[in-house]
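So this one's data_31.txt, compact mmCIF, C-alpha atoms:
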# COMPACT_ATOMS: atom_id res chain seq x y z
CA MET N 124 6.26 8.25 -16.74
CA GLU N 125 8.58 11.17 -16.18
CA ILE N 126 9.90 11.25 -12.63
CA LYS N 127 10.17 14.92 -11.69
CA LYS N 128 12.49 16.36 -9.09
CA GLY N 129 10.76 17.52 -5.93
CA TYR N 130 7.53 15.57 -6.39
CA VAL N 131 5.92 12.90 -4.24
CA TYR N 132 5.02 9.43 -5.55
CA HIS N 133 3.47 6.07 -4.76
CA ILE N 134 5.28 2.78 -5.33
CA LYS N 135 3.78 -0.35 -6.92
CA ASP N 136 3.18 -3.35 -4.67
CA GLU N 137 5.26 -5.36 -7.13
CA TYR N 138 8.43 -3.64 -5.88
CA PHE N 139 7.91 -4.92 -2.35
CA GLU N 140 7.30 -8.44 -3.68
CA VAL N 141 10.54 -8.33 -5.70
CA VAL N 142 12.91 -7.05 -2.99
CA GLN N 143 11.24 -8.88 -0.10
CA ASP N 144 12.82 -6.55 2.43
CA LYS N 145 10.97 -6.93 5.73
CA THR N 146 12.51 -3.69 6.99
CA LEU N 147 10.56 -1.59 4.44
CA MET N 148 7.50 0.30 5.59
CA ARG N 149 4.21 -1.29 4.57
CA ASN N 150 2.89 0.01 1.26
CA HIS N 151 -0.79 -0.01 2.23
CA GLU N 152 -2.42 0.88 5.47
CA ASN N 153 -6.14 0.70 6.24
CA GLY N 154 -6.98 0.33 2.53
CA LYS N 155 -5.15 3.51 1.52
CA ALA N 156 -2.16 3.83 -0.80
CA ARG N 157 0.36 4.82 1.86
CA PRO N 158 2.89 6.00 2.51
CA THR N 159 3.79 8.62 -0.02
CA TYR N 160 7.44 8.91 -0.99
CA PHE N 161 9.70 11.82 -1.84
CA CYS N 162 12.02 10.95 -4.74
CA VAL N 163 15.75 11.64 -5.04
CA LYS N 164 17.51 10.67 -8.25
CA GLU N 165 21.12 9.72 -7.64
CA ASN N 166 23.53 11.55 -9.94
CA ASN N 167 24.53 9.65 -13.13
CA SER N 168 22.34 6.65 -12.30
CA ASP N 169 19.00 5.09 -13.19
CA ILE N 170 18.49 4.34 -9.50
CA LEU N 171 15.76 6.33 -7.80
CA TRP N 172 15.72 6.66 -4.03
CA PHE N 173 12.42 7.04 -2.22
CA ILE N 174 12.02 8.59 1.20
CA PRO N 175 8.81 7.57 3.01
CA MET N 176 6.66 10.32 4.45
CA SER N 177 4.44 10.14 7.51
CA SER N 178 1.82 12.28 9.16
CA LYS N 179 2.71 10.86 12.61
CA VAL N 180 4.62 13.99 13.59
CA GLU N 181 4.50 13.56 17.38
CA LYS N 182 5.73 9.95 17.22
CA TYR N 183 8.73 10.82 15.07
CA LYS N 184 9.44 14.12 16.82
CA GLU N 185 10.07 12.15 20.00
CA ILE N 186 12.39 9.71 18.18
CA ARG N 187 14.21 12.58 16.44
CA ASP N 188 14.65 14.47 19.71
CA LYS N 189 16.18 11.38 21.38
CA LYS N 190 18.67 11.05 18.51
CA ILE N 191 19.57 14.74 18.77
CA LYS N 192 20.12 14.37 22.52
CA LYS N 193 22.30 11.27 22.00
CA TYR N 194 24.26 12.27 18.85
CA GLY N 195 23.93 16.04 18.66
CA ASN N 196 21.91 15.98 15.42
CA CYS N 197 19.49 13.87 13.40
CA ASP N 198 19.77 13.79 9.61
CA SER N 199 17.56 10.73 9.21
CA ILE N 200 14.23 12.20 10.37
CA LEU N 201 13.15 15.60 9.09
CA ILE N 202 9.91 17.31 10.10
CA LYS N 203 9.03 19.89 7.48
CA GLN N 204 6.04 21.56 5.88
CA PHE N 205 4.33 19.68 3.06
CA LEU N 206 1.10 21.02 1.58
CA GLY N 207 0.62 23.41 4.48
CA GLN N 208 1.12 21.00 7.36
CA ASP N 209 3.95 19.30 9.19
CA SER N 210 5.07 16.02 7.66
CA VAL N 211 7.84 13.62 8.55
CA PHE N 212 10.43 12.64 5.95
CA LEU N 213 11.96 9.33 7.02
CA LEU N 214 15.40 9.11 5.46
CA GLN N 215 16.03 6.31 7.96
CA ASN N 216 13.62 4.21 5.86
CA MET N 217 14.70 5.25 2.35
CA PHE N 218 15.16 2.63 -0.35
CA PRO N 219 16.31 2.31 -3.96
CA THR N 220 14.18 1.36 -6.94
CA ILE N 221 13.76 2.03 -10.64
CA GLU N 222 11.14 3.81 -12.69
CA LYS N 223 9.15 0.68 -13.56
CA TYR N 224 8.12 0.36 -9.89
CA VAL N 225 6.80 3.91 -9.58
CA ASP N 226 3.01 3.73 -9.63
CA HIS N 227 1.95 7.36 -9.86
CA VAL N 228 2.60 10.88 -8.67
CA HIS N 229 0.65 11.88 -5.56
CA ILE N 230 -2.33 14.07 -6.48
CA ILE N 231 -4.05 16.53 -4.16
CA ASN N 232 -7.15 18.36 -5.44
CA GLY N 233 -6.24 17.52 -9.03
CA THR N 234 -2.67 18.84 -8.71
CA GLU N 235 0.60 16.91 -8.55
CA ALA N 236 2.02 17.16 -5.03
CA ARG N 237 5.38 18.89 -4.87
CA VAL N 238 7.72 19.59 -1.97
CA ILE N 239 8.86 23.21 -1.73
CA ASP N 240 12.37 23.84 -3.07
CA SER N 241 14.05 24.65 0.26
CA VAL N 242 12.78 21.40 1.82
CA ALA N 243 13.72 19.41 -1.30
CA ARG N 244 17.28 20.83 -1.14
CA GLU N 245 17.58 19.93 2.54
CA LEU N 246 16.31 16.41 1.88
CA GLU N 247 18.82 15.95 -0.94
CA ALA N 248 21.67 17.25 1.22
CA ASN N 249 20.77 14.82 4.00
CA PHE N 250 20.36 12.02 1.45
CA TYR N 251 23.91 12.51 0.15
CA LYS N 252 25.28 12.80 3.69
CA ILE N 253 23.62 9.49 4.62
CA MET N 254 24.75 7.85 1.38
CA GLY N 255 28.32 8.86 2.21
CA LEU N 256 28.03 7.13 5.57
CA ILE N 257 26.54 4.02 3.95
CA LYS N 258 29.43 3.90 1.47
CA GLN N 259 31.81 3.97 4.46
CA GLY N 260 30.08 0.80 5.70
CA LYS N 261 28.06 2.46 8.46
CA LYS N 262 24.56 1.22 9.25
CA VAL N 263 22.58 4.45 9.47
CA ILE N 264 19.22 3.42 8.00
CA PHE N 265 16.87 0.53 8.69
CA THR N 266 16.38 -0.80 5.18
CA ASP N 267 18.60 -3.52 3.75
CA VAL N 268 20.20 -1.24 1.16
CA SER N 269 22.71 -3.82 -0.06
CA ASN N 270 20.04 -6.45 -0.75
CA ASP N 271 17.59 -3.96 -2.26
CA LEU N 272 20.24 -2.42 -4.54
CA ASN N 273 21.44 -5.83 -5.73
CA LYS N 274 17.91 -6.89 -6.65
CA ILE N 275 17.25 -3.62 -8.50
CA LYS N 276 20.61 -3.67 -10.31
CA GLU N 277 19.82 -7.21 -11.56
CA GLU N 278 16.90 -5.67 -13.44
CA LEU N 279 18.93 -2.90 -15.05

Mind converting the file's structure to C-alpha cells?
Amino acid sequence: MEIKKGYVYHIKDEYFEVVQDKTLMRNHENGKARPTYFCVKENNSDILWFIPMSSKVEKYKEIRDKKIKKYGNCDSILIKQFLGQDSVFLLQNMFPTIEKYVDHVHIINGTEARVIDSVARELEANFYKIMGLIKQGKKVIFTDVSNDLNKIKEEL
C-alpha cells in the first residue's frame, strides 16, 4: 500500500499487540474501527508517525485551553477542520509504526479522506517541534515513544 502524505488511515490491531503500550489509545470503540490517524513520514526514515484524531472537540478544547493558560501555548492538541467539521488532532498521543501495520486509508463516501494542505502543514510543523523536544529528553507526549520505537526498529 502506498502511504500518501496528508491522508488519514486505520492501524491494524496487530500493531497494538506487538508494542503492548498501554498508553496508546484503544484501536476499536463500540465495534467501530476508531480512531482514525493522520500520518507523518519522518524524513529519511521508514518510520511512520500516526496522530490519533477524535471527534470529542469539547473535551479536548477544555484540556487544550488549560495547557494554553498554564504554558502559553499548546502544540500537542490541535482542533482543525476535517471533512467540513471540527476534529481534534492529538499529537500528545502520536506513535511510530511501519507500513506493514497500516490497515487501510480512511474512506468517506467512496473517497480517500485527506486533510487540507494548510492543516497538514501545521500538523507536520508541530510534529517536528514535539520531536525536537523528545530528542532533548523531554516528556511531552503520553505514549512510550522509546519502547514503541525500539519494537518497530527491531522489525526493520

| message | Using all atoms listed in the file, list the residues that have an atom at most 6 Å from (16.3, -1.3, 5.3), coordinates as in the file, as a VMD selection string. | response | chain N and resid 146 to 147 265 to 268

| task | Work out how far atom CA of Gly129 of chain N is from atom CA of Ser210 of chain N, in Å to one decimal. | result |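 Separation of atom CA of Ser210 of chain N and atom CA of Gly129 of chain N: 14.8 Å.
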
| task | Find the distance between atom CA of Val228 of chain N and atom CA of Asn216 of chain N and write it in Å to one decimal. | result | 19.4 Å

The residues within 12 Å of (19.0, -2.4, -7.5), using all atoms listed in the file and the coordinates of the file, should be reported as a PDB file with C-alpha atoms, in the coordinates of the input; which are they?
ATOM      1  CA  TYR N 138       8.430  -3.640  -5.880  1.00  0.00           C
ATOM      2  CA  VAL N 141      10.540  -8.330  -5.700  1.00  0.00           C
ATOM      3  CA  VAL N 142      12.910  -7.050  -2.990  1.00  0.00           C
ATOM      4  CA  SER N 168      22.340   6.650 -12.300  1.00  0.00           C
ATOM      5  CA  ASP N 169      19.000   5.090 -13.190  1.00  0.00           C
ATOM      6  CA  ILE N 170      18.490   4.340  -9.500  1.00  0.00           C
ATOM      7  CA  LEU N 171      15.760   6.330  -7.800  1.00  0.00           C
ATOM      8  CA  TRP N 172      15.720   6.660  -4.030  1.00  0.00           C
ATOM      9  CA  PHE N 218      15.160   2.630  -0.350  1.00  0.00           C
ATOM     10  CA  PRO N 219      16.310   2.310  -3.960  1.00  0.00           C
ATOM     11  CA  THR N 220      14.180   1.360  -6.940  1.00  0.00           C
ATOM     12  CA  ILE N 221      13.760   2.030 -10.640  1.00  0.00           C
ATOM     13  CA  GLU N 222      11.140   3.810 -12.690  1.00  0.00           C
ATOM     14  CA  LYS N 223       9.150   0.680 -13.560  1.00  0.00           C
ATOM     15  CA  TYR N 224       8.120   0.360  -9.890  1.00  0.00           C
ATOM     16  CA  ASP N 267      18.600  -3.520   3.750  1.00  0.00           C
ATOM     17  CA  VAL N 268      20.200  -1.240   1.160  1.00  0.00           C
ATOM     18  CA  SER N 269      22.710  -3.820  -0.060  1.00  0.00           C
ATOM     19  CA  ASN N 270      20.040  -6.450  -0.750  1.00  0.00           C
ATOM     20  CA  ASP N 271      17.590  -3.960  -2.260  1.00  0.00           C
ATOM     21  CA  LEU N 272      20.240  -2.420  -4.540  1.00  0.00           C
ATOM     22  CA  ASN N 273      21.440  -5.830  -5.730  1.00  0.00           C
ATOM     23  CA  LYS N 274      17.910  -6.890  -6.650  1.00  0.00           C
ATOM     24  CA  ILE N 275      17.250  -3.620  -8.500  1.00  0.00           C
ATOM     25  CA  LYS N 276      20.610  -3.670 -10.310  1.00  0.00           C
ATOM     26  CA  GLU N 277      19.820  -7.210 -11.560  1.00  0.00           C
ATOM     27  CA  GLU N 278      16.900  -5.670 -13.440  1.00  0.00           C
ATOM     28  CA  LEU N 279      18.930  -2.900 -15.050  1.00  0.00           C
TER      29      LEU N 279
END

| message | Just checking: using all atoms listed in the file, which residue out of N:Ala243, N:Cys197, N:Ile126, N:Val163 ends up closest to Val225 of chain N? | response |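 Ranking N:Ala243, N:Cys197, N:Ile126, N:Val163 by distance to Val225 of chain N, first place goes to N:Ile126.
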
| query | Do you know which residues are at most 9 Å from segment 256-263 of chain N counting all atoms listed in the file, after dropping those on the same chain fewer than 5 positions away, and could you put them as a PyMOL selection string? | reply | chain N and resi 199+215+251+268

Since we have the selection now, will you write its residues out, keeping C-alpha atoms, as a PDB file, in the coordinates of the input?
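And here's selection03.pdb as it stands now:
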ATOM      1  CA  SER N 199      17.560  10.730   9.210  1.00  0.00           C
ATOM      2  CA  GLN N 215      16.030   6.310   7.960  1.00  0.00           C
ATOM      3  CA  TYR N 251      23.910  12.510   0.150  1.00  0.00           C
ATOM      4  CA  VAL N 268      20.200  -1.240   1.160  1.00  0.00           C
TER       5      VAL N 268
END

| Could you pull the residues within 8 Å of Asp198 of chain N, counting only C-alpha atoms, minus those fewer than 6 positions along the same chain, as a PyMOL selection string? | chain N and resi 214+249+253

| said: Calculated over all atoms listed in the file, which of the candidates N:Asp226, N:Asp209, N:Glu181, N:Glu235 has the smallest distance to Val131 of chain N? | reply: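 Of all the options, N:Glu235 lies closest to Val131 of chain N.
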
| query | Could you state the separation of atom CA of Glu137 of chain N and atom CA of Arg237 of chain N in Å, given to one decimal place? | reply |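 Separation between atom CA of Glu137 of chain N and atom CA of Arg237 of chain N: 24.4 Å.
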
| said: Using all atoms listed in the file, which protein or nucleic acid residues come within 9 Å of Pro175 of chain N? Drop anything in the same chain fewer than 6 positions from it, and give the result as a VMD selection string. | reply: chain N and resid 148 157 to 161 211 to 218

| Among listed residues N:Met124, N:His133, N:Asn167, N:Leu206, nearest Thr234 of chain N (using all atoms listed in the file) | N:Leu206

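Of the residues listed (N:Ile191, N:Ser241, N:Lys164, N:Tyr183), N:Lys164 shows the shortest atom-to-atom separation from Lys127 of chain N; distances use all atoms listed in the file.
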